[in-house]
Amino acid sequence: MITKIILEQIEGEASLYFDMKENIVDFVTIAFPHFRGMEKMLEGKNALDALVITPRVCGICGHSHLLASVRAIEDAYKNSGFAIAVTKKASKVRELTLILELIQNHLKWIYLVLVPHLKELSGSEELLNTPLKGAYGASLATKILAIFAGQWPHSSYMIPGGITSDFTYVDLTKAKSHLQKLTEYFETETLGVSVEEFLSFESCKDFVSIESDFAKIEQLLIDSGMQKKGHAKDAFLSIGIHEFSHAAKVKGTKLFKVASKYVQTQDAYAPDEKSYAKNALYKNQFYETGPLARCMAKEFKLIKNIHRRFKDSAYTRVMARIYETAHLLVFCKKLLAEIDIGDKSCVESVPLKNISGVGEGVVEAPRGSLIHRVEIKEGIIKSYKIITPTQYNIASSTKENPSPAQQAMINLSQADAKFIFRTFDVCSVCTTH
Amino acid sequence: MADRIEGVKKLFTSKSARVETNKGDTYYEELFEKCQARIEELKTQQPINNRLDLADVLETQGIERRDFLKWASAVTGMLMLPASFTPLVADAALLMNRAPVIWIELSDCAGNTEAFIRSDGPKIDDIILDVISLEFHETLQAAAGHQAEKQLDEAIEYFKDKYILFVEGAIPMGIDGNFGTIGASGETMHDHLLRVSKHAAAVVAVGSCATFGGVPAAAPNPTGAVGVMDLVKGKPLINIPACPANPANMVGVILHYILTGQVPELDSLLRPKFAFGYRIHDNCERRAHFDAGEYVEEWGDEAAKNNFCLYKVGCKGPMTFNNCSIIRYNDGVNWPVGVGHGCIGCSEPDFWDKYAYERPMADAKIKAPTGGVEKTVDEFGLGLLTAAGIGIGIHAVASMVAGKKEDGGEA
């Protein structure tokens with residue numbers, strides 16, 4: 001019998017259709033019932049309007065959409081013969097604000113999604129539900145972001161040629177001080193050890209001595225058997241080019257070259273309800289994208305070690321997201337130290353009306369690889385396509401060829417499956433846009 | 001021409017656009033007594049659902065009474081009340097756990113929720129999540145599916161005709177509302193909104209999607225998205241547009257409601273005047289450069305480095321009513337103009353089609369924000385555009401002269 005379960009708290013909602021056999025999930029399809037038509041409304045508009053409209057696809061990763069848009073437009077400049085060389089300062093600030101968006105997302109996911117649902121699953125009394133802790137950490141991250149980007153969510157401060165902000169030493173010092181506070185918050189409230197020490201861990205045996213939210217989460221995941229459940233495809237994609245990540249296709253532990261041109265979409269398979277979602281595939285195959293994929297592509301010791309023992313289990317996925325948060329905090333510090341305020345914020349470029357051609361922007365968003373494809377004619381958008389991370393992870397396909405999330409949920413109890421669904425960090429508004 | 005200039009004058013001086021910051025002693029004394037009586041009455045009520053006590057939360061968070069009062073005095077100012085109201089505002093904040101708030105999310109990006117949960121001011125986020133009775137919030141609450149629907153039904157029943165309903169997101173009306181359904185029963189967003197708003201004491205539309213349709217309504221409006229005020233009738237309705245709406249303004253509206261039991265004074269687009277009574281331009285930190293005719297001509301030029309006025313690269317501040325130039329975003333850290341990208345007018349209707357990037361106002365098909373009667377809005381708009389055109393003409397000459405002087409100096 002097929003039962004429908006609605007899941008909320010994913011920036012919107014999704015319908016999961018469980019086909020249960022003796023209380024075990026035999027198969028599941030996923031439908032996203034919302035639609036706005038963002039791609040359609042971009043057609044016929046001035047290409048720069050994309051910088052205002054695409055961030056509004058999503059309230060939690062709008063910055064990633066902004067960067068994908070600006071990269072796509074700059075790519076179209078290049079393909080029209082007017083390549084733009086963005087300065088180091090601009091590209092570092094773009095990178096910095098993107099990373100801060102990843103951090104705020106991960107912190108909120110830990111405290112607003114993981115903790116309450118893990119508590120519910122395990123019935124633990126020890127782990128306390130403290131959503132404010134996550135909101136507070138996230139607010140510190142977005143404060144730094146706002147110094148450079150003006151506001152969060154929905155900033156539009158990146159433009160073809162660089163960024164609009166011309167900040168001062170005072171701003172930079174403020175940012176450094178906020179970052180220090182944010183790092184200390186993460187160390188004391190979440191990890192229980194310094195980020196440097198945490199990043200130096202090589203196996204989960206190193207967790208033994210820590211007492212913290214992280215330690216409780218880790219223990220509860222093990223107690224719930226999450227190291228043996230939630231295995232997806234054991235195949236990963238990290239496509240965006242960034243300093244903090246490494247672009248690669250990973251199968252098991254082997255790294256391969258990756259090229260965004262092989263990413264295509266198809267309609268989601270949802271026989272029980274109209275779904276506005278699309279599935280994203282790479283060379284017609286499903287891959288997982290997001291923090292775990294990035295950690296595997298970057299070959300972090302701790303995550304590789306966990307993966308060797310538990311493969312791409314729900315446990316590994318959660319550990320990767322927390323590990324990535326620590327990695328990004330340290331990376332932020334490095335970026336802030338490298339920014340040279342004497343450099344130009346923005347280089348001048350030819351007027352947009354001279355631009356006709358196609359462009360593509362690929363970005364590592366909080367939930368994984370995000371692609372924007374644009375076709376511009378004399379500065380006006382002819383067509384626009386957005387492929388979001390959740391379209392890979394939470395694709396809905398047939399039983400013969402399940403998506404990462406579908407594969408991760410089968411042969412489990414419904415309670416486990418629902419929890420595992422959330423370990424992918426699902427975003428409904430991105431999926432359907 | 002003279003008519004048009006008159007039109008512009010009318011737009012900014014018409015009664016509904018006027019912001020009265022001083023209504024006289026008698027008025028405030030009466031209001032004070034009314035508020036005081038209300039606060040006393042609220043004090044006798046029990047907190048809803050055993051919500052936390054704000055005073056306790058403040059104490060455990062190590063926030064001193066002094067800092068709390070500082071915050072209260074800032075909010076009093078924001079609400080355009082005399083300083084003598086500060087203790088009342090502080091009391092009202094402490095009584096926030098008596099106000100039932102239901103929050104529903106329709107066709108949107110959850111951006112207002114995101115802005116809301118890291119709300120403004122010293123630890124106000126704590127006040128919001130822990131103390132305010134967010135009885136039902138579809139993104140924040142832990143329950144899902146049938147359980148969540150049951151909670152919503154219970155909240156509606158229990159707080160019948162007393163709760164404030166916050167709505168985030170537009171309502172897609174296309175194909176009989178089937179671009180967006182909610183909950184286990186597959187209720188359309190339209191039906192959902194009508195059902196949940198039926199017994200609300202007041203409805204607050206948060207963000208540009210819920211107020212005017214927002215980005216989902218951008219041409220060609222693929223889903224037929226509309227705002228709350230197009231559908232909900234016969235209820236006190238407050239619009240808090242902007243994308244995202246500023247958390248300070250949401251808290252302001254709730255506080256005002258607790259304090260007075262009424263909705264704040266609104267403009268013709270149903271926006272609270274305490275927040276939308278002035279233009280971005282009126283209090284802009286770059287205003288002096290506008291007046292001096294010093295403009296950024298292209299992104300990344302010398303003028304941009306010197307933080308000159310962004311009007312010529314498309315800033316819509318002169319046409320946009322909002323208070324971000326004063327209260328800013330993200331704990332007051334910054335705002336768009338602060339980082340050199342012009343205002344996109346996100347608190348005005350149709351900004352998504354007409355106000356977006358790098359289209360100077362004179363080139364954009366902008367309707368004036370309504371100051372007066374609806375039917376004359378277009379005329380006012382025309383007049384204003386022309387006037388702005390003249391303005392920029394004069395300024396262009398001025399900047400050319402300034403440019404020449406500079407060149408001469410170098411030579």
# chains A, B, ... in the order shown; residues from 1 in each chain; ligands from 1
>>> residues_around(residues="Leu302 (chain A)", least_positions_apart="5", cutoff="12 Å", atoms="only C-alpha atoms", output="PyMOL selection string")
chain A and resi 197-207+292+295-296+307-309+316+319-320+322-324+327
>>> closest_atom_pairs(of="chain A", to="chain B", cutoff="6 Å", atoms="only C-alpha atoms", output="Markdown table")
| residue | atom | partner | partner_atom | distance |
| --- | --- | --- | --- | --- |
| A:Ile6 | CA | B:Gly145 | CA | 4.4 |
| A:Leu7 | CA | B:Ala144 | CA | 5.5 |
| A:Glu8 | CA | B:Ala144 | CA | 5.5 |
| A:Gln9 | CA | B:Thr139 | CA | 4.2 |
| A:Glu11 | CA | B:Ala110 | CA | 5.7 |
| A:Pro33 | CA | B:Gly180 | CA | 5.6 |
| A:His34 | CA | B:Gly180 | CA | 4.3 |
| A:Phe35 | CA | B:Phe179 | CA | 5.3 |
| A:Arg36 | CA | B:Pro216 | CA | 5.4 |
| A:Gly37 | CA | B:Pro222 | CA | 5.5 |
| A:Met41 | CA | B:Ala219 | CA | 5.5 |
| A:Leu48 | CA | B:Tyr357 | CA | 5.9 |
| A:Asp49 | CA | B:Ala356 | CA | 5.5 |
| A:Val57 | CA | B:Cys109 | CA | 5.9 |
| A:Cys58 | CA | B:Cys109 | CA | 4.5 |
| A:Gly59 | CA | B:Gly111 | CA | 3.5 |
| A:Ala135 | CA | B:Arg118 | CA | 5.6 |
| A:Ser139 | CA | B:Arg118 | CA | 5.4 |
| A:Lys143 | CA | B:Asn330 | CA | 5.5 |
| A:Ala146 | CA | B:Asn334 | CA | 5.8 |
| A:Ile147 | CA | B:Asn334 | CA | 5.9 |
| A:Gly150 | CA | B:Trp335 | CA | 4.1 |
| A:Gln151 | CA | B:Trp335 | CA | 5.3 |
| A:Tyr157 | CA | B:His341 | CA | 5.9 |
| A:Thr164 | CA | B:Gly340 | CA | 5.0 |
| A:Ser165 | CA | B:Val339 | CA | 4.1 |
| A:Asp166 | CA | B:Lys305 | CA | 6.0 |
| A:Cys346 | CA | B:Gly300 | CA | 4.5 |
| A:Val347 | CA | B:Gly300 | CA | 5.8 |
| A:Val429 | CA | B:Cys109 | CA | 5.7 |
>>> atom_distance(atom1="CA of Ser397 (chain A)", atom2="CA of Ile24 (chain A)")
19.1 Å
>>> closest_residue(among="A:Thr431, A:Thr3, A:Phe310, A:His242", to="Asp26 (chain A)", atoms="only C-alpha atoms")
A:Thr3
>>> closest_residue(among="B:Arg38, B:Lys235, B:Lys273, B:Arg65", to="Asn249 (chain B)", atoms="only C-alpha atoms")
B:Lys273
>>> select_by_dssp(residues="region 180-289 of chain A", states="helix (DSSP H, G or I)", output="PyMOL selection string")
chain A and resi 180-191+195-200+204-207+213-223+260-262
>>> write_last_selection(atoms="N, CA and C atoms", output="CSV table (one decimal), in the first residue's frame")
chain,number,residue,atom,x,y,z
A,180,GLN,N,36.1,35.8,14.2
A,180,GLN,CA,36.7,35.2,15.5
A,180,GLN,C,35.6,34.8,16.4
A,181,LYS,N,34.6,35.6,16.6
A,181,LYS,CA,33.5,35.3,17.5
A,181,LYS,C,32.7,34.1,17.0
A,182,LEU,N,32.5,34.0,15.7
A,182,LEU,CA,31.8,32.9,15.1
A,182,LEU,C,32.5,31.6,15.2
A,183,THR,N,33.8,31.7,15.1
A,183,THR,CA,34.6,30.5,15.2
A,183,THR,C,34.6,30.0,16.7
A,184,GLU,N,34.7,30.9,17.6
A,184,GLU,CA,34.7,30.6,19.0
A,184,GLU,C,33.3,30.0,19.4
A,185,TYR,N,32.3,30.6,18.8
A,185,TYR,CA,30.9,30.0,19.0
A,185,TYR,C,30.9,28.6,18.6
A,186,PHE,N,31.4,28.3,17.4
A,186,PHE,CA,31.3,27.0,16.9
A,186,PHE,C,32.1,26.0,17.7
A,187,GLU,N,33.3,26.5,18.2
A,187,GLU,CA,34.1,25.6,19.0
A,187,GLU,C,33.5,25.3,20.3
A,188,THR,N,33.0,26.3,21.0
A,188,THR,CA,32.4,26.1,22.3
A,188,THR,C,31.0,25.5,22.3
A,189,GLU,N,30.2,26.0,21.4
A,189,GLU,CA,28.8,25.5,21.4
A,189,GLU,C,28.6,24.2,20.7
A,190,THR,N,29.3,24.0,19.6
A,190,THR,CA,29.0,22.8,18.8
A,190,THR,C,30.1,21.7,19.0
A,191,LEU,N,31.4,22.1,18.7
A,191,LEU,CA,32.4,21.0,18.6
A,191,LEU,C,32.9,20.5,19.9
A,195,VAL,N,38.7,24.4,16.1
A,195,VAL,CA,38.5,23.9,14.7
A,195,VAL,C,39.8,23.3,14.2
A,196,GLU,N,40.9,23.8,14.6
A,196,GLU,CA,42.2,23.3,14.1
A,196,GLU,C,42.3,21.8,14.6
A,197,GLU,N,42.0,21.6,15.9
A,197,GLU,CA,42.2,20.3,16.4
A,197,GLU,C,41.2,19.3,15.7
A,198,PHE,N,40.0,19.8,15.5
A,198,PHE,CA,38.9,19.0,14.9
A,198,PHE,C,39.4,18.6,13.5
A,199,LEU,N,39.9,19.6,12.8
A,199,LEU,CA,40.3,19.3,11.4
A,199,LEU,C,41.5,18.3,11.3
A,200,SER,N,42.3,18.2,12.4
A,200,SER,CA,43.4,17.3,12.4
A,200,SER,C,43.0,15.9,12.8
A,204,CYS,N,37.2,8.4,13.6
A,204,CYS,CA,36.1,8.7,14.6
A,204,CYS,C,36.6,8.3,16.0
A,205,LYS,N,37.6,7.6,16.1
A,205,LYS,CA,38.1,7.3,17.5
A,205,LYS,C,38.6,8.5,18.2
A,206,ASP,N,39.0,9.6,17.4
A,206,ASP,CA,39.4,10.8,18.0
A,206,ASP,C,38.3,11.6,18.7
A,207,PHE,N,37.0,11.2,18.4
A,207,PHE,CA,35.9,11.9,19.0
A,207,PHE,C,35.7,11.5,20.5
A,213,ASP,N,27.8,19.2,21.9
A,213,ASP,CA,26.6,18.9,21.1
A,213,ASP,C,27.1,17.9,20.0
A,214,PHE,N,28.2,18.2,19.4
A,214,PHE,CA,28.7,17.3,18.3
A,214,PHE,C,28.9,15.9,18.8
A,215,ALA,N,29.5,15.7,20.0
A,215,ALA,CA,29.7,14.4,20.5
A,215,ALA,C,28.4,13.7,20.8
A,216,LYS,N,27.4,14.4,21.3
A,216,LYS,CA,26.1,13.8,21.5
A,216,LYS,C,25.4,13.4,20.2
A,217,ILE,N,25.5,14.3,19.2
A,217,ILE,CA,24.9,14.0,17.9
A,217,ILE,C,25.6,12.7,17.3
A,218,GLU,N,26.9,12.7,17.4
A,218,GLU,CA,27.7,11.6,16.9
A,218,GLU,C,27.3,10.3,17.5
A,219,GLN,N,27.2,10.3,18.9
A,219,GLN,CA,26.8,9.1,19.6
A,219,GLN,C,25.4,8.6,19.3
A,220,LEU,N,24.5,9.6,19.2
A,220,LEU,CA,23.1,9.3,18.8
A,220,LEU,C,22.9,8.7,17.4
A,221,LEU,N,23.7,9.2,16.5
A,221,LEU,CA,23.7,8.6,15.2
A,221,LEU,C,24.2,7.2,15.2
A,222,ILE,N,25.2,6.9,15.9
A,222,ILE,CA,25.7,5.5,16.0
A,222,ILE,C,24.7,4.7,16.7
A,223,ASP,N,24.1,5.2,17.8
A,223,ASP,CA,23.1,4.4,18.6
A,223,ASP,C,21.9,4.1,17.7
A,260,SER,N,30.8,20.3,-16.6
A,260,SER,CA,29.3,20.6,-16.3
A,260,SER,C,28.5,20.3,-17.6
A,261,LYS,N,29.1,20.2,-18.7
A,261,LYS,CA,28.3,20.1,-20.0
A,261,LYS,C,27.5,18.7,-20.0
A,262,TYR,N,28.0,17.8,-19.1
A,262,TYR,CA,27.3,16.5,-19.1
A,262,TYR,C,26.1,16.4,-18.2
>>> select_by_dssp(residues="region 28-223 of chain A", states="strand (DSSP E or B)", output="NGL selection string")
:A and (28-31 or 34 or 46 or 158-159 or 162-163)
>>> residues_around(residues="region 18-20 of chain A", least_positions_apart="2", cutoff="12 Å", atoms="only C-alpha atoms", output="count of residues only")
31
>>> residues_around(residues="Ala405 (chain A)", least_positions_apart="2", cutoff="6 Å", atoms="only C-alpha atoms", output="JSON, numbers by chain")
{"A": [393, 394, 403, 407, 408]}
>>> write_last_selection(atoms="N, CA and C atoms", output="PDB file, in the first residue's frame")
ATOM      1  N   ASN A 393      20.172  15.193  -5.707  1.00  0.00           N
ATOM      2  CA  ASN A 393      20.054  14.372  -4.495  1.00  0.00           C
ATOM      3  C   ASN A 393      18.656  13.816  -4.280  1.00  0.00           C
ATOM      4  N   ILE A 394      17.659  14.660  -4.496  1.00  0.00           N
ATOM      5  CA  ILE A 394      16.287  14.250  -4.186  1.00  0.00           C
ATOM      6  C   ILE A 394      15.513  14.056  -5.475  1.00  0.00           C
ATOM      7  N   SER A 403      17.109   7.373  -7.421  1.00  0.00           N
ATOM      8  CA  SER A 403      17.988   8.527  -7.183  1.00  0.00           C
ATOM      9  C   SER A 403      18.727   8.309  -5.854  1.00  0.00           C
ATOM     10  N   GLN A 407      17.332   5.653  -3.117  1.00  0.00           N
ATOM     11  CA  GLN A 407      18.150   4.495  -2.765  1.00  0.00           C
ATOM     12  C   GLN A 407      18.424   4.456  -1.265  1.00  0.00           C
ATOM     13  N   ALA A 408      18.684   5.650  -0.692  1.00  0.00           N
ATOM     14  CA  ALA A 408      19.045   5.717   0.732  1.00  0.00           C
ATOM     15  C   ALA A 408      17.877   5.347   1.647  1.00  0.00           C
TER      16      ALA A 408
END
>>> residues_around(residues="region 85-91 of chain B", least_positions_apart="3", cutoff="8 Å", atoms="only C-alpha atoms", output="number ranges by chain")
B: 32, 35-36, 39, 68-69, 72-73, 75-76, 81-82, 94-95, 255, 259
>>> closest_residue(among="A:Ile10, A:Ala247, A:Val208, A:Ala141", to="Val362 (chain A)", atoms="only C-alpha atoms")
A:Ala247
>>> residues_around(residues="Gly361 (chain A)", least_positions_apart="3", cutoff="6 Å", atoms="only C-alpha atoms", output="mmCIF file with N, CA and C atoms, in the first residue's frame")
data_model
loop_
_atom_site.group_PDB
_atom_site.id
_atom_site.type_symbol
_atom_site.label_atom_id
_atom_site.label_comp_id
_atom_site.auth_asym_id
_atom_site.auth_seq_id
_atom_site.Cartn_x
_atom_site.Cartn_y
_atom_site.Cartn_z
ATOM 1 N N ALA A 68 26.215 32.287 -9.313
ATOM 2 C CA ALA A 68 26.015 31.484 -10.522
ATOM 3 C C ALA A 68 25.563 32.376 -11.676
ATOM 4 N N ARG A 71 28.490 34.589 -12.826
ATOM 5 C CA ARG A 71 29.451 33.777 -13.571
ATOM 6 C C ARG A 71 28.918 33.436 -14.967
ATOM 7 N N ALA A 72 27.626 33.158 -15.053
ATOM 8 C CA ALA A 72 27.025 32.822 -16.346
ATOM 9 C C ALA A 72 27.095 34.026 -17.288
ATOM 10 N N ILE A 371 24.003 25.039 -11.185
ATOM 11 C CA ILE A 371 24.365 25.490 -12.533
ATOM 12 C C ILE A 371 23.318 26.477 -13.056
ATOM 13 N N HIS A 372 23.790 27.589 -13.606
ATOM 14 C CA HIS A 372 22.928 28.513 -14.341
ATOM 15 C C HIS A 372 23.389 28.538 -15.791
#
>>> closest_residue(among="B:Pro241, B:Gly277, B:Pro349, B:Gly293", to="Glu265 (chain B)", atoms="only C-alpha atoms")
B:Gly277
>>> closest_atom_pairs(of="region 298-399 of chain A", to="region 101-104 of chain A", cutoff="12 Å", atoms="only C-alpha atoms", output="tab-separated table")
residue	atom	partner	partner_atom	distance
A:Arg321	CA	A:Ile103	CA	9.6
A:Ile322	CA	A:Ile103	CA	9.6
A:Tyr323	CA	A:Ile103	CA	10.9
A:Glu324	CA	A:Ile103	CA	8.5
A:Thr325	CA	A:Ile103	CA	5.7
A:Ala326	CA	A:Ile103	CA	8.7
A:His327	CA	A:Ile103	CA	9.8
A:Leu328	CA	A:Ile103	CA	7.1
A:Leu329	CA	A:Ile103	CA	7.6
A:Val330	CA	A:Ile103	CA	11.2
A:Phe331	CA	A:Ile103	CA	11.1
A:Cys332	CA	A:Ile103	CA	10.0
A:Val363	CA	A:Leu102	CA	11.6
A:Glu364	CA	A:Leu102	CA	9.0
A:Ala365	CA	A:Leu102	CA	6.8
A:Pro366	CA	A:Leu102	CA	4.6
A:Arg367	CA	A:Leu102	CA	8.3
A:Gly368	CA	A:Leu102	CA	9.9
>>> write_last_selection(atoms="C-alpha atoms", output="compact mmCIF listing (two decimals), in the first residue's frame")
# COMPACT_ATOMS: atom_id res chain seq x y z
CA ARG A 321 28.53 18.60 6.77
CA ILE A 322 29.90 19.34 10.23
CA TYR A 323 33.49 18.78 9.11
CA GLU A 324 32.96 21.10 6.17
CA THR A 325 31.71 23.85 8.51
CA ALA A 326 34.99 23.70 10.45
CA HIS A 327 37.00 23.63 7.22
CA LEU A 328 35.14 26.67 5.86
CA LEU A 329 35.64 28.69 9.05
CA VAL A 330 39.38 28.21 8.81
CA PHE A 331 39.27 28.97 5.10
CA CYS A 332 37.39 32.22 5.76
CA VAL A 363 28.88 27.24 -8.15
CA GLU A 364 29.20 25.03 -5.09
CA ALA A 365 26.10 26.04 -3.13
CA PRO A 366 25.37 24.87 0.45
CA ARG A 367 23.64 21.74 -0.85
CA GLY A 368 25.96 21.05 -3.77
>>> atom_distance(atom1="CA of His289 (chain B)", atom2="CA of Phe148 (chain A)")
21.4 Å
>>> atom_distance(atom1="CA of Leu96 (chain A)", atom2="CA of Lys133 (chain A)")
22.7 Å
